[in-house]
Amino acid sequence: MEQQRDQWKSKFGFLMAAVGSAVGLGNIWGFPYKMGMNGGFAFLVIYLLLVAFVGFAVMLGELALGRKTGQGAVGAYIALSKKYTWIGYMGVASGFLILSFYSVLGGFVGKYMISFLIEMFSPGAAFGGMGSGEFFGAFINNAGGSILFHFLFMIITAVIVMGGVSGGIEKFNVVAMPALAVMLVVVIIRSVTLPGAGAGLAFMFAPNFAAFKEIGFFNVLKTAAGQMFFSLSLGMGCMITYGSYLSKKEDLEGSAFIIPISDTLMALLAGLAVMPAVFAFGMEPTGGPGLLFVTLHTVFTEGLTGFIGSLFGFIFYFLVLLAAITSAISLLEVCSTYIIDRNTSAGKSSNRKTITGILAFIIFLIGIPVCMDGLGGGNIIGANFWFGKWCFLDFYDLISEGIFMPLGAMLMSIIIGWVIKTKVIKDEAEIEGNKLKFYKFWEICFKFVVPIVMVVVLIGQLQGFGIF
Ligand code: PFF
């Protein structure tokens with residue numbers, strides 16, 4: 001039975017969904033710290049150049065491939081040629097792996113949000129006088145608690161995806177993303193008006209070319225490039241999937257600019273929310289889970305303190321939760337669309353709710369070990385289970401973000417630039433009267449710039465994970 005494929009109801013809805021996918025944990029705990037540690041303003045310049053020469057093009061390529069073929073990650077590559085099927089599978093596999101740990105982290109964020117809500121009305125009831133490090137340590141070593149919050153996060157994600165593209169994902173994003181932006185502004189105002197906030201602004205923004213010398217230009221470049229494509233949700237067919245639900249009237253080139261620019265602005269705003277407060281209270285900035293769950297927890301419990309501290313803690317973790325959910329739904333949608341498309345092309349009908357429910361459950365199961373090894377410190381599962389080097393989270397991240405995603409983005413770009421040719425993208429973009437304004441630019445990006453930068457990312461990622 002042929003089923004009518006869903007479509008985004010409005011341009012705004014599509015943009016909110018795509019920006020929602022891009023803006024996530026990567027923006028909040030990755031960008032501000034990496035920017036501060038890798039040259040500040042100088043890092044930002046490199047980052048912006050990468051967005052301009054790589055991000056825009058890969059975004060355009062993915063959206064165009066999705067819309068042209070009307071298929072998700074796997075189907076789009078099959079439509080180009082059966083021999084590319086495996087590239088699509090790498091994308092879907094990345095979706096499974098990333099979501100399985102993303103959901104665990106999202107669950108942590110949910111736990112923190114609820115804890116601050118409790119603290120607002122009943123001080124001491126949630127944190128019980130524990131310091132930030134102690135509270136976090138106790139939580140990650142409590143596998144049952146982590147699994148419960150991972151489960152709840154997956155349920156929320158699955159219910160939204162079950163609602164469909166326009167009825168679930170779009171509806172959620174058009175409310176969640178503006179809400180997130182408003183909360184972010186509230187937190188920024190508090191953060192930058194704290195006495196001593198200037199040091200945080202200096203950490204992030206002051207140009208520090210010495211970092212290039214100390215860290216090495218290549219290392220700065222690979223950090224920026226890796227951050228950029230993960231933050232833009234590129235390389236795993238997420239934007240192919242979202243593009244496949246776009247109407248032919250939509251201006252692809254415009255979207256390929258708007259989404260990365262919005263993501264970058266949100267990353268900078270996240271930095272303005274986080275770093276001034278960290279410095280105002282005399283703390284050392286960190287990256288990753290340490291920043292989100294220990295340093296910032298201290299900001300709200302020992303820096304701001306009392307009801308106000310808990311209130312801002314609640315608002316902050318609520319906005320991070322929304323950012324995580326809007327990214328998680330795009331990861332799950334990549335997987336659901338794959339199965340739905342496969343059924344449709346085999347002439348079978350699909351029940352989106354059942355398919356999404358089963359996939360979400362499988363992803364929940366894959367994430368359970370992430371809850372059981374204390375993020376590498378060891379708990380029920382011993383420390384660094386994988387080859388003595390990586391915890392579950394890092395191992396899943398290595399395969400997806402480290403290998404499959406840069407490889408996926410590189411291959412897509414080579415296929416567009418050299419095999420099917422950029423003209424195909426132009427034809428798709430111009431199908432209903434829009435004009436592709438920068439054809440030559442896109443061609444150079446697809447043929448040369450993106451493949452070269454992706455090699456840098458791939459090498460950088462493998463080095464970062466200690467492979468060589
Ligand atoms: N862009 C998200 C972040 O910055 O946290 C992560 C992500 C979402 C990556 C969706 C890939 C993806 F398909």
# chains A, B, ... in the order shown; residues from 1 in each chain; ligands from 1
>>> residues_near_ligand(ligand="ligand 1", cutoff="10 Å", atoms="only C-alpha atoms and all ligand atoms", output="ChimeraX atom specification")
/A:18-31,91-92,94-95,98-99,102,227-241,263,267,323-334,400-401,405
>>> closest_atom_pairs(of="stretch 336-452 of chain A", to="stretch 124-138 of chain A", cutoff="12 Å", atoms="only C-alpha atoms", output="JSON lines")
{"residue": "A:Asp373", "atom": "CA", "partner": "A:Gly137", "partner_atom": "CA", "distance": 11.7}
{"residue": "A:Gly374", "atom": "CA", "partner": "A:Gly137", "partner_atom": "CA", "distance": 8.0}
{"residue": "A:Leu375", "atom": "CA", "partner": "A:Gly137", "partner_atom": "CA", "distance": 9.7}
{"residue": "A:Gly376", "atom": "CA", "partner": "A:Gly137", "partner_atom": "CA", "distance": 11.5}
{"residue": "A:Gly377", "atom": "CA", "partner": "A:Gly137", "partner_atom": "CA", "distance": 9.3}
{"residue": "A:Gly378", "atom": "CA", "partner": "A:Gly137", "partner_atom": "CA", "distance": 11.1}
{"residue": "A:Asn379", "atom": "CA", "partner": "A:Gly137", "partner_atom": "CA", "distance": 10.7}
>>> residues_around(residues="stretch 64-70 of chain A", least_positions_apart="5", cutoff="10 Å", atoms="only C-alpha atoms", output="PyMOL selection string")
chain A and resi 5+58-59+75-80+237-248+250+252-253+256+341+412+416+424-429+431
>>> residues_around(residues="A:Leu365", least_positions_apart="2", cutoff="12 Å", atoms="only C-alpha atoms", output="PyMOL selection string")
chain A and resi 96-97+99-101+103-104+147-148+150-151+154+358-363+367-372
>>> write_last_selection(atoms="C-alpha atoms", output="PDB file, in the first residue's frame")
ATOM      1  CA  PHE A  96      21.808   4.283  17.091  1.00  0.00           C
ATOM      2  CA  LEU A  97      25.141   4.691  18.836  1.00  0.00           C
ATOM      3  CA  LEU A  99      21.449   8.351  20.675  1.00  0.00           C
ATOM      4  CA  SER A 100      22.221   5.509  23.060  1.00  0.00           C
ATOM      5  CA  PHE A 101      24.708   7.663  24.987  1.00  0.00           C
ATOM      6  CA  SER A 103      19.958   9.704  25.956  1.00  0.00           C
ATOM      7  CA  VAL A 104      21.926   8.680  29.043  1.00  0.00           C
ATOM      8  CA  ILE A 147      19.011   3.708  33.708  1.00  0.00           C
ATOM      9  CA  LEU A 148      15.729   5.092  34.985  1.00  0.00           C
ATOM     10  CA  HIS A 150      17.826   7.217  30.425  1.00  0.00           C
ATOM     11  CA  PHE A 151      14.559   5.317  30.071  1.00  0.00           C
ATOM     12  CA  MET A 154      13.997   7.787  25.586  1.00  0.00           C
ATOM     13  CA  ILE A 358      10.817  -0.895  18.909  1.00  0.00           C
ATOM     14  CA  LEU A 359      13.800   1.150  17.747  1.00  0.00           C
ATOM     15  CA  ALA A 360      13.681   3.315  20.864  1.00  0.00           C
ATOM     16  CA  PHE A 361      13.658   0.203  23.012  1.00  0.00           C
ATOM     17  CA  ILE A 362      16.690  -1.239  21.200  1.00  0.00           C
ATOM     18  CA  ILE A 363      18.529   2.065  21.633  1.00  0.00           C
ATOM     19  CA  GLY A 367      22.602   2.604  26.249  1.00  0.00           C
ATOM     20  CA  ILE A 368      22.335   0.510  29.404  1.00  0.00           C
ATOM     21  CA  PRO A 369      26.064  -0.356  29.560  1.00  0.00           C
ATOM     22  CA  VAL A 370      26.787   3.392  29.374  1.00  0.00           C
ATOM     23  CA  CYS A 371      24.882   3.679  32.673  1.00  0.00           C
ATOM     24  CA  MET A 372      26.855   0.847  34.215  1.00  0.00           C
TER      25      MET A 372
END
>>> atom_distance(atom1="atom CA of A:Pro32", atom2="atom CA of A:Val187")
15.0 Å
>>> atom_distance(atom1="atom CA of A:Leu291", atom2="atom CA of A:Met275")
9.9 Å
